[in-house]
Amino acid sequence: MKKTLLATLLLVSPSVLAAPYVGMQYGMGKLQHDYSTHFTADNITVTPDETNSDFGGFIGYQFNDSIALELGYNQINSEAEIGKYLGVVAFQNMDFHHEREWQAQLKSKQITLKPVYSYALTDNLAVKAAVGLTYTQYHYSSSSVDEYEGVFNDELESEQVRAGGYADKQSAWGGVASLGLEYQVFPAIFLGVAAEYQKDSVASKQQLLFSARYQF
């Protein structure tokens, strides 16, 4: 009887129980890419910001204390904008403020699949390392517009798209690697921080990643 009870307790023990989990993550870092647009007529180049943040979520399965498999999703929206005030212009007996803007935007949607290895330092603190694959869809667009706003009535507005914009879509497979720490706050809640590096044929990303997960 005692042996049967002991075996049952070992099977349901949280430390060895295989279990699914879900989580959210937020990253801050640097995105390196080659996207930019040069507006020849204006001699202005616009490049989406390389310093940005991303937000995502993940689901995983913990096979044992050391090994898990994780599927994640995150997205980035990197943009840049340059504006120039060109003075007041007259149109149909009314005066308008004239402003010209140049914009560029890079959006990405990414799926990651990675095995995760954990090594316990204490009962609540563990080192976590992961190496996996990424699949990313990139969408780049740029444009230039002339904006007009009434001097005496700011509800009078109009916008004209100028020539010189560009759009591009690409998809790429790549790799991801991370190394960090995770702390067990409560029996089912874990908080983590990690350094992560991702790279494919279109862009690369280095970031500090913060995560929170719930294990069932």
# chains A, B, ... in the order shown; residues from 1 in each chain; ligands from 1
>>> residues_around(residues="Asn77 of chain A", least_positions_apart="6", cutoff="7 Å", atoms="only C-alpha atoms", output="list of chain:residue names")
A:Leu106, A:Lys107, A:Ser108
>>> residues_around(residues="Gly56 of chain A", least_positions_apart="2", cutoff="7 Å", atoms="only C-alpha atoms", output="number ranges by chain")
A: 24-26, 54, 73-75
>>> write_last_selection(atoms="N, CA and C atoms", output="PDB file, in the first residue's frame")
ATOM      1  N   MET A  24       3.168  35.191 -22.462  1.00  0.00           N
ATOM      2  CA  MET A  24       3.285  36.412 -23.247  1.00  0.00           C
ATOM      3  C   MET A  24       4.707  36.938 -23.103  1.00  0.00           C
ATOM      4  N   GLN A  25       5.157  37.689 -24.115  1.00  0.00           N
ATOM      5  CA  GLN A  25       6.510  38.216 -24.064  1.00  0.00           C
ATOM      6  C   GLN A  25       6.588  39.607 -24.693  1.00  0.00           C
ATOM      7  N   TYR A  26       7.561  40.358 -24.215  1.00  0.00           N
ATOM      8  CA  TYR A  26       7.791  41.719 -24.726  1.00  0.00           C
ATOM      9  C   TYR A  26       9.292  41.900 -24.910  1.00  0.00           C
ATOM     10  N   ASP A  54       8.840  44.668 -29.719  1.00  0.00           N
ATOM     11  CA  ASP A  54       7.820  43.780 -30.266  1.00  0.00           C
ATOM     12  C   ASP A  54       7.071  43.084 -29.138  1.00  0.00           C
ATOM     13  N   TYR A  73       4.578  33.403 -31.425  1.00  0.00           N
ATOM     14  CA  TYR A  73       4.186  34.370 -32.457  1.00  0.00           C
ATOM     15  C   TYR A  73       4.481  35.777 -31.949  1.00  0.00           C
ATOM     16  N   ASN A  74       5.087  36.598 -32.794  1.00  0.00           N
ATOM     17  CA  ASN A  74       5.295  38.000 -32.431  1.00  0.00           C
ATOM     18  C   ASN A  74       5.300  38.858 -33.679  1.00  0.00           C
ATOM     19  N   GLN A  75       5.138  40.146 -33.486  1.00  0.00           N
ATOM     20  CA  GLN A  75       5.121  41.069 -34.613  1.00  0.00           C
ATOM     21  C   GLN A  75       5.807  42.371 -34.253  1.00  0.00           C
TER      22      GLN A  75
END
>>> residues_around(residues="Ala172 of chain A", least_positions_apart="2", cutoff="8 Å", atoms="only C-alpha atoms", output="ChimeraX atom specification")
/A:135-137,170,174,200-202
>>> residues_around(residues="Asp123 of chain A", least_positions_apart="3", cutoff="10 Å", atoms="only C-alpha atoms", output="list in words")
Ser15, Ala120, Ala126, Tyr183 and Gln184 of chain A
>>> write_last_selection(atoms="N, CA and C atoms", output="tab-separated table (two decimals), in the first residue's frame")
chain	number	residue	atom	x	y	z
A	15	SER	N	7.11	18.75	-10.06
A	15	SER	CA	8.48	18.87	-10.53
A	15	SER	C	8.78	17.94	-11.70
A	120	ALA	N	18.13	23.89	-13.41
A	120	ALA	CA	17.76	24.50	-12.14
A	120	ALA	C	18.99	24.94	-11.35
A	126	ALA	N	15.97	29.11	-12.58
A	126	ALA	CA	16.55	28.22	-13.57
A	126	ALA	C	17.16	29.01	-14.72
A	183	TYR	N	12.23	32.71	-13.14
A	183	TYR	CA	11.96	32.59	-11.70
A	183	TYR	C	10.52	32.16	-11.48
A	184	GLN	N	10.34	31.16	-10.64
A	184	GLN	CA	9.01	30.66	-10.31
A	184	GLN	C	8.44	31.49	-9.16
>>> closest_residue(among="A:Ala188, A:Ala212, A:Val145, A:Ala177", to="Asn124 of chain A", atoms="only C-alpha atoms")
A:Ala188
>>> residues_around(residues="Ser178 of chain A", least_positions_apart="6", cutoff="6 Å", atoms="only C-alpha atoms", output="PyMOL selection string")
chain A and resi 129-130+195-196
>>> write_last_selection(atoms="N, CA and C atoms", output="compact mmCIF listing (two decimals), in the first residue's frame")
# COMPACT_ATOMS: atom_id res chain seq x y z
N ALA A 129 17.87 27.95 -22.02
CA ALA A 129 18.51 28.16 -23.31
C ALA A 129 17.64 27.56 -24.40
N ALA A 130 17.60 28.21 -25.56
CA ALA A 130 16.77 27.72 -26.66
C ALA A 130 17.43 28.03 -28.00
N ALA A 195 18.37 37.17 -23.24
CA ALA A 195 18.97 37.82 -24.40
C ALA A 195 18.67 36.94 -25.61
N GLU A 196 18.16 37.54 -26.68
CA GLU A 196 17.74 36.76 -27.84
C GLU A 196 18.32 37.34 -29.12
>>> closest_residue(among="A:Leu181, A:Val89, A:Val151, A:Leu71", to="Gly132 of chain A", atoms="only C-alpha atoms")
A:Leu71
>>> residues_around(residues="His38 of chain A", least_positions_apart="6", cutoff="12 Å", atoms="only C-alpha atoms", output="PDB file with N, CA and C atoms, in the first residue's frame")
ATOM      1  N   ILE A  44      15.746  63.188 -50.214  1.00  0.00           N
ATOM      2  CA  ILE A  44      15.485  62.770 -48.832  1.00  0.00           C
ATOM      3  C   ILE A  44      15.387  61.248 -48.782  1.00  0.00           C
ATOM      4  N   THR A  45      16.049  60.662 -47.805  1.00  0.00           N
ATOM      5  CA  THR A  45      16.016  59.215 -47.598  1.00  0.00           C
ATOM      6  C   THR A  45      15.325  58.906 -46.264  1.00  0.00           C
ATOM      7  N   VAL A  46      14.378  57.985 -46.293  1.00  0.00           N
ATOM      8  CA  VAL A  46      13.641  57.591 -45.094  1.00  0.00           C
ATOM      9  C   VAL A  46      13.898  56.110 -44.825  1.00  0.00           C
ATOM     10  N   THR A  47      14.307  55.805 -43.589  1.00  0.00           N
ATOM     11  CA  THR A  47      14.614  54.435 -43.183  1.00  0.00           C
ATOM     12  C   THR A  47      13.844  54.106 -41.915  1.00  0.00           C
ATOM     13  N   TRP A 102       7.285  62.565 -45.532  1.00  0.00           N
ATOM     14  CA  TRP A 102       7.868  61.366 -46.119  1.00  0.00           C
ATOM     15  C   TRP A 102       7.800  60.266 -45.053  1.00  0.00           C
ATOM     16  N   GLN A 103       7.274  59.099 -45.421  1.00  0.00           N
ATOM     17  CA  GLN A 103       7.057  58.036 -44.443  1.00  0.00           C
ATOM     18  C   GLN A 103       7.597  56.707 -44.953  1.00  0.00           C
ATOM     19  N   ALA A 104       8.026  55.877 -44.016  1.00  0.00           N
ATOM     20  CA  ALA A 104       8.438  54.508 -44.336  1.00  0.00           C
ATOM     21  C   ALA A 104       8.044  53.614 -43.177  1.00  0.00           C
ATOM     22  N   SER A 142       6.475  52.712 -48.330  1.00  0.00           N
ATOM     23  CA  SER A 142       6.904  54.096 -48.130  1.00  0.00           C
ATOM     24  C   SER A 142       6.073  55.003 -49.025  1.00  0.00           C
ATOM     25  N   SER A 143       5.943  56.257 -48.617  1.00  0.00           N
ATOM     26  CA  SER A 143       5.133  57.197 -49.383  1.00  0.00           C
ATOM     27  C   SER A 143       5.509  58.629 -49.016  1.00  0.00           C
ATOM     28  N   SER A 144       5.071  59.532 -49.861  1.00  0.00           N
ATOM     29  CA  SER A 144       5.225  60.968 -49.597  1.00  0.00           C
ATOM     30  C   SER A 144       3.888  61.642 -49.899  1.00  0.00           C
ATOM     31  N   ALA A 163       4.525  61.123 -55.977  1.00  0.00           N
ATOM     32  CA  ALA A 163       5.253  60.020 -56.597  1.00  0.00           C
ATOM     33  C   ALA A 163       6.503  59.691 -55.776  1.00  0.00           C
ATOM     34  N   GLY A 164       7.003  58.479 -55.953  1.00  0.00           N
ATOM     35  CA  GLY A 164       8.260  58.097 -55.315  1.00  0.00           C
ATOM     36  C   GLY A 164       8.132  57.039 -54.242  1.00  0.00           C
ATOM     37  N   GLY A 165       6.895  56.615 -53.915  1.00  0.00           N
ATOM     38  CA  GLY A 165       6.706  55.589 -52.895  1.00  0.00           C
ATOM     39  C   GLY A 165       7.088  54.204 -53.394  1.00  0.00           C
ATOM     40  N   TYR A 166       7.182  53.274 -52.452  1.00  0.00           N
ATOM     41  CA  TYR A 166       7.636  51.926 -52.794  1.00  0.00           C
ATOM     42  C   TYR A 166       6.998  50.929 -51.835  1.00  0.00           C
TER      43      TYR A 166
END
>>> atom_distance(atom1="atom CA of Gln207 of chain A", atom2="atom CA of Thr37 of chain A")
25.3 Å
>>> residues_around(residues="Ser53 of chain A", least_positions_apart="5", cutoff="9 Å", atoms="only C-alpha atoms", output="ChimeraX atom specification")
/A:26-31,76-78,207
>>> atom_distance(atom1="atom CA of Gln160 of chain A", atom2="atom CA of Glu147 of chain A")
6.6 Å
>>> atom_distance(atom1="atom CA of Glu182 of chain A", atom2="atom CA of Ala68 of chain A")
13.7 Å
>>> closest_residue(among="A:Gly150, A:Arg100, A:Glu159, A:Ser118", to="Leu86 of chain A", atoms="only C-alpha atoms")
A:Arg100
